[in-house]
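Structure data (mmCIF, C-alpha atoms) from entry.cif:
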```cif
data_my_file
#
loop_
_atom_site.group_PDB
_atom_site.id
_atom_site.type_symbol
_atom_site.label_atom_id
_atom_site.label_comp_id
_atom_site.auth_asym_id
_atom_site.auth_seq_id
_atom_site.Cartn_x
_atom_site.Cartn_y
_atom_site.Cartn_z
ATOM 1 C CA MET J 1 -77.266 -200.005 105.579
ATOM 2 C CA ALA J 2 -76.983 -203.709 104.776
ATOM 3 C CA TRP J 3 -74.176 -205.022 102.615
ATOM 4 C CA LEU J 4 -74.535 -207.903 100.224
ATOM 5 C CA PRO J 5 -72.127 -210.771 100.727
ATOM 6 C CA LEU J 6 -69.244 -210.477 98.260
ATOM 7 C CA PRO J 7 -70.324 -213.368 95.981
ATOM 8 C CA ALA J 8 -73.844 -211.903 95.624
ATOM 9 C CA ALA J 9 -72.429 -208.427 94.889
ATOM 10 C CA LEU J 10 -70.165 -209.861 92.180
ATOM 11 C CA GLU J 11 -73.074 -211.804 90.719
ATOM 12 C CA CYS J 12 -75.113 -208.583 90.440
ATOM 13 C CA LEU J 13 -72.197 -206.771 88.792
ATOM 14 C CA LEU J 14 -71.646 -209.570 86.289
ATOM 15 C CA THR J 15 -75.360 -209.736 85.482
ATOM 16 C CA VAL J 16 -75.540 -205.991 84.776
ATOM 17 C CA SER J 17 -72.386 -205.914 82.644
ATOM 18 C CA ALA J 18 -73.534 -208.892 80.565
ATOM 19 C CA TYR J 19 -76.301 -206.729 79.119
ATOM 20 C CA SER J 20 -74.273 -203.675 78.198
ATOM 21 C CA ALA J 21 -71.338 -203.689 75.816
ATOM 22 C CA ASP J 22 -69.895 -201.438 73.202
ATOM 23 C CA ARG J 23 -69.633 -202.638 69.610
ATOM 24 C CA TYR J 24 -67.012 -201.373 67.184
ATOM 25 C CA VAL J 25 -66.796 -200.751 63.444
ATOM 26 C CA GLY J 26 -63.472 -200.247 61.690
ATOM 27 C CA LEU J 27 -62.541 -200.581 58.045
ATOM 28 C CA SER J 28 -59.073 -201.842 58.908
ATOM 29 C CA ALA J 29 -59.883 -204.152 61.827
ATOM 30 C CA PRO J 30 -57.427 -207.070 61.561
ATOM 31 C CA SER J 31 -59.893 -209.886 62.234
ATOM 32 C CA PRO J 32 -63.602 -209.107 62.486
ATOM 33 C CA GLY J 33 -65.156 -211.490 64.958
ATOM 34 C CA SER J 34 -68.350 -212.455 66.637
ATOM 35 C CA GLY J 35 -69.857 -209.661 68.690
ATOM 36 C CA PHE J 36 -67.455 -206.927 67.482
ATOM 37 C CA THR J 37 -66.602 -205.994 71.082
ATOM 38 C CA THR J 38 -62.991 -204.835 70.568
ATOM 39 C CA LEU J 39 -61.213 -202.702 67.979
ATOM 40 C CA ASP J 40 -59.272 -205.774 66.817
ATOM 41 C CA THR J 41 -62.491 -207.718 66.198
ATOM 42 C CA ALA J 42 -64.515 -204.736 64.924
ATOM 43 C CA ALA J 43 -67.088 -205.185 62.183
ATOM 44 C CA HIS J 44 -66.129 -203.883 58.760
ATOM 45 C CA THR J 45 -69.708 -202.668 58.188
ATOM 46 C CA ILE J 46 -71.974 -200.536 60.344
ATOM 47 C CA THR J 47 -74.878 -202.874 59.615
ATOM 48 C CA GLY J 48 -72.986 -205.850 61.081
ATOM 49 C CA ALA J 49 -72.404 -204.061 64.381
ATOM 50 C CA VAL J 50 -75.967 -202.675 64.479
ATOM 51 C CA ASP J 51 -77.359 -206.174 64.000
ATOM 52 C CA ALA J 52 -75.176 -207.475 66.871
ATOM 53 C CA ALA J 53 -75.963 -204.618 69.278
ATOM 54 C CA GLN J 54 -78.574 -204.923 71.998
ATOM 55 C CA ALA J 55 -80.776 -202.165 73.402
ATOM 56 C CA GLY J 56 -78.761 -199.679 75.452
ATOM 57 C CA GLU J 57 -75.468 -200.366 73.677
ATOM 58 C CA THR J 58 -73.249 -198.017 71.663
ATOM 59 C CA VAL J 59 -71.841 -198.818 68.232
ATOM 60 C CA TRP J 60 -68.565 -196.881 67.871
ATOM 61 C CA VAL J 61 -67.634 -196.131 64.248
ATOM 62 C CA THR J 62 -63.973 -195.366 63.579
ATOM 63 C CA ASN J 63 -62.719 -192.936 60.931
ATOM 64 C CA GLY J 64 -63.324 -193.764 57.297
ATOM 65 C CA THR J 65 -65.843 -193.779 54.475
ATOM 66 C CA TYR J 66 -68.441 -196.530 54.780
ATOM 67 C CA THR J 67 -70.229 -197.253 51.494
ATOM 68 C CA LEU J 68 -73.683 -198.763 51.608
ATOM 69 C CA SER J 69 -75.625 -201.102 49.357
ATOM 70 C CA ALA J 70 -78.736 -200.961 51.582
ATOM 71 C CA GLU J 71 -80.058 -198.579 54.226
ATOM 72 C CA ILE J 72 -79.110 -199.061 57.868
ATOM 73 C CA ALA J 73 -82.287 -199.634 59.885
ATOM 74 C CA ILE J 74 -82.086 -198.594 63.531
ATOM 75 C CA SER J 75 -85.173 -200.195 65.047
ATOM 76 C CA LYS J 76 -83.864 -200.717 68.582
ATOM 77 C CA GLY J 77 -82.643 -198.403 71.324
ATOM 78 C CA ILE J 78 -78.963 -198.196 70.401
ATOM 79 C CA THR J 79 -76.540 -195.350 69.757
ATOM 80 C CA ILE J 80 -74.374 -195.170 66.647
ATOM 81 C CA ARG J 81 -71.550 -192.750 67.427
ATOM 82 C CA SER J 82 -68.436 -191.750 65.500
ATOM 83 C CA ALA J 83 -65.145 -192.012 67.322
ATOM 84 C CA GLU J 84 -63.834 -188.637 66.138
ATOM 85 C CA GLY J 85 -66.705 -186.744 64.542
ATOM 86 C CA ALA J 86 -68.526 -186.107 61.303
ATOM 87 C CA ALA J 87 -65.526 -184.640 59.477
ATOM 88 C CA VAL J 88 -63.759 -188.022 59.440
ATOM 89 C CA THR J 89 -66.619 -190.549 59.661
ATOM 90 C CA ILE J 90 -68.614 -190.680 56.440
ATOM 91 C CA VAL J 91 -71.566 -192.888 55.481
ATOM 92 C CA ASP J 92 -72.062 -192.902 51.696
ATOM 93 C CA GLY J 93 -75.248 -194.204 50.048
ATOM 94 C CA GLN J 94 -73.494 -194.108 46.644
ATOM 95 C CA GLY J 95 -76.516 -192.409 45.078
ATOM 96 C CA SER J 96 -78.439 -195.682 45.198
ATOM 97 C CA THR J 97 -79.832 -196.147 48.724
ATOM 98 C CA ARG J 98 -81.071 -194.173 51.712
ATOM 99 C CA CYS J 99 -78.394 -194.164 54.433
ATOM 100 C CA PHE J 100 -80.394 -194.437 57.704
ATOM 101 C CA ASN J 101 -83.921 -195.251 58.841
ATOM 102 C CA LEU J 102 -84.545 -194.503 62.551
ATOM 103 C CA SER J 103 -87.729 -195.963 64.043
ATOM 104 C CA HIS J 104 -87.066 -196.416 67.775
ATOM 105 C CA ALA J 105 -87.553 -193.657 70.383
ATOM 106 C CA SER J 106 -84.168 -194.429 71.992
ATOM 107 C CA ALA J 107 -82.213 -194.728 68.727
ATOM 108 C CA VAL J 108 -79.397 -192.153 68.390
ATOM 109 C CA LEU J 109 -77.190 -191.282 65.421
ATOM 110 C CA ASP J 110 -74.315 -189.068 66.589
ATOM 111 C CA GLY J 111 -71.435 -187.409 64.758
ATOM 112 C CA VAL J 112 -71.318 -188.825 61.234
ATOM 113 C CA THR J 113 -71.544 -187.340 57.760
ATOM 114 C CA VAL J 114 -74.482 -188.771 55.802
ATOM 115 C CA THR J 115 -73.942 -188.252 52.083
ATOM 116 C CA ASN J 116 -75.047 -189.474 48.643
ATOM 117 C CA GLY J 117 -78.153 -191.138 50.057
ATOM 118 C CA CYS J 118 -81.052 -191.558 47.667
ATOM 119 C CA HIS J 119 -84.680 -192.629 47.948
ATOM 120 C CA ALA J 120 -87.598 -192.378 45.518
ATOM 121 C CA SER J 121 -90.125 -190.803 47.875
ATOM 122 C CA ALA J 122 -88.851 -189.508 51.238
ATOM 123 C CA GLY J 123 -85.637 -188.971 53.191
ATOM 124 C CA GLY J 124 -82.789 -189.480 50.765
ATOM 125 C CA GLY J 125 -80.225 -189.384 53.588
ATOM 126 C CA ILE J 126 -82.256 -190.134 56.721
ATOM 127 C CA TYR J 127 -85.863 -191.198 57.286
ATOM 128 C CA MET J 128 -87.054 -190.755 60.879
ATOM 129 C CA THR J 129 -90.215 -191.761 62.680
ATOM 130 C CA ALA J 130 -88.475 -191.677 66.085
ATOM 131 C CA GLY J 131 -85.061 -191.240 67.707
ATOM 132 C CA THR J 132 -82.411 -188.521 67.678
ATOM 133 C CA VAL J 133 -79.906 -187.348 65.090
ATOM 134 C CA LYS J 134 -77.257 -185.013 66.512
ATOM 135 C CA ASN J 135 -73.874 -183.543 65.622
ATOM 136 C CA CYS J 136 -74.174 -184.847 62.052
ATOM 137 C CA THR J 137 -73.566 -183.362 58.617
ATOM 138 C CA VAL J 138 -76.291 -184.322 56.135
ATOM 139 C CA ALA J 139 -75.124 -183.292 52.670
ATOM 140 C CA SER J 140 -75.618 -184.132 48.998
ATOM 141 C CA ASN J 141 -78.520 -186.550 49.470
ATOM 142 C CA ALA J 142 -81.467 -186.728 47.080
ATOM 143 C CA VAL J 143 -85.080 -187.599 46.488
ATOM 144 C CA PRO J 144 -84.811 -187.261 42.705
ATOM 145 C CA THR J 145 -87.962 -188.878 41.327
ATOM 146 C CA GLY J 146 -91.262 -190.341 42.316
ATOM 147 C CA ALA J 147 -94.694 -190.963 40.879
ATOM 148 C CA GLY J 148 -96.213 -188.341 43.182
ATOM 149 C CA ASP J 149 -94.897 -185.777 45.577
ATOM 150 C CA VAL J 150 -91.542 -186.467 47.228
ATOM 151 C CA TYR J 151 -90.240 -185.161 50.531
ATOM 152 C CA GLY J 152 -87.039 -184.320 52.396
ATOM 153 C CA GLY J 153 -83.957 -184.666 50.248
ATOM 154 C CA GLY J 154 -81.668 -184.763 53.288
ATOM 155 C CA ILE J 155 -83.962 -185.759 56.164
ATOM 156 C CA TYR J 156 -87.624 -186.700 56.343
ATOM 157 C CA LEU J 157 -88.719 -186.185 59.943
ATOM 158 C CA ALA J 158 -92.043 -187.811 60.851
ATOM 159 C CA GLY J 159 -91.008 -188.084 64.517
ATOM 160 C CA GLY J 160 -87.943 -187.662 66.697
ATOM 161 C CA LEU J 161 -85.381 -184.901 67.088
ATOM 162 C CA VAL J 162 -82.656 -183.406 64.893
ATOM 163 C CA THR J 163 -80.224 -181.191 66.804
ATOM 164 C CA ASN J 164 -76.860 -179.495 66.189
ATOM 165 C CA CYS J 165 -76.607 -180.775 62.609
ATOM 166 C CA LEU J 166 -75.461 -179.193 59.351
ATOM 167 C CA VAL J 167 -77.978 -179.919 56.582
ATOM 168 C CA LEU J 168 -76.747 -178.644 53.236
ATOM 169 C CA ASN J 169 -76.690 -179.158 49.474
ATOM 170 C CA ASN J 170 -79.438 -181.792 49.407
ATOM 171 C CA TYR J 171 -81.747 -182.224 46.423
ATOM 172 C CA ARG J 172 -85.390 -183.015 45.836
ATOM 173 C CA ALA J 173 -87.405 -183.304 42.639
ATOM 174 C CA ARG J 174 -89.327 -180.356 41.245
ATOM 175 C CA ARG J 175 -92.721 -181.390 42.730
ATOM 176 C CA ALA J 176 -91.158 -181.987 46.111
ATOM 177 C CA VAL J 177 -90.901 -180.090 49.367
ATOM 178 C CA GLY J 178 -88.116 -179.948 51.942
ATOM 179 C CA ARG J 179 -84.847 -179.898 50.060
ATOM 180 C CA GLY J 180 -82.767 -180.239 53.242
ATOM 181 C CA LEU J 181 -85.221 -181.325 55.943
ATOM 182 C CA LEU J 182 -88.952 -181.813 55.900
ATOM 183 C CA ALA J 183 -90.808 -182.118 59.198
ATOM 184 C CA ALA J 184 -94.149 -183.858 58.739
ATOM 185 C CA GLU J 185 -97.328 -182.454 60.273
ATOM 186 C CA ASN J 186 -97.498 -182.376 64.072
ATOM 187 C CA VAL J 187 -93.761 -182.976 64.532
#
```
Output the structure of this file as structure tokens.
Amino acid sequence: MAWLPLPAALECLLTVSAYSADRYVGLSAPSPGSGFTTLDTAAHTITGAVDAAQAGETVWVTNGTYTLSAEIAISKGITIRSAEGAAVTIVDGQGSTRCFNLSHASAVLDGVTVTNGCHASAGGGIYMTAGTVKNCTVASNAVPTGAGDVYGGGIYLAGGLVTNCLVLNNYRARRAVGRGLLAAENV
């Protein structure tokens, strides 16, 4: 077996680590900063850390209730993971916006409570065309209205995987299907 000279080995290590970092979100971070790579410089919003994250990275969300004014789009291969689980990490759509939209095959949402999300046609809490949602509680989300049929009060699943989640007390309009979760055809 051939060994690389020490400087070349260090160069390889530095190159690999430059492309993989964790990002942090914390409501009480003392001074949010560029990159959000420590708990002291954590983003105050999940969207800020998601925007900064690169494919393959994890966005760690600390305990708290994170209120949204717009949905969080996960369109790259990142993981959003709570630090201590769904019971203490809550994402609240305030009854005015869908909470998450997953559209990348390697996107993962892990261990949060998704609540009070709302959308006019599909997926009040989560809309998925790809990715994985696991270890989450999806509760009290709604698809309350719509000109036509509406789908999936809690989760609308057009692709991807939902596993080990509690889906409860979600709402959909009278002409709708899938109060908690609706899996589209061929899913």
Problem set entry | Polymer residues at most 12 Å from Leu161 (chain J), only C-alpha atoms, same-chain spacing of 3 or more positions, as a PyMOL selection string | chain J and resi 102-110+127-135+155-158+164-165+181+183+187
Problem set entry | Distance criterion (all atoms listed in the file): nearest to Leu168 (chain J) out of J:Asn141, J:Thr89, J:Gln94, J:Thr58 |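 Nearest candidate to Leu168 (chain J) out of J:Asn141, J:Thr89, J:Gln94, J:Thr58: J:Asn141.
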Centre and edge lengths, as JSON, for the axis-aligned box enclosing every listed atom of region 49-60 of chain J with 3 Å of padding on each of the six sides, in Å to one decimal?
```
{"center_x": -74.7, "center_y": -202.2, "center_z": 69.7, "size_x": 18.2, "size_y": 16.6, "size_z": 17.5}
```
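The gap separating CA of Thr79 (chain J) from CA of Tyr66 (chain J) is 17.1 Å, in Å to one decimal.
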For this session: Report the distance between CA of Gly64 (chain J) and CA of Tyr171 (chain J) in Å, rounded to one decimal place.
Result: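 Spanning CA of Gly64 (chain J) to CA of Tyr171 (chain J) is a straight-line distance of 24.3 Å.
Across the structure, CA of Ser28 (chain J) and CA of Ser96 (chain J) are spaced 24.5 Å apart.
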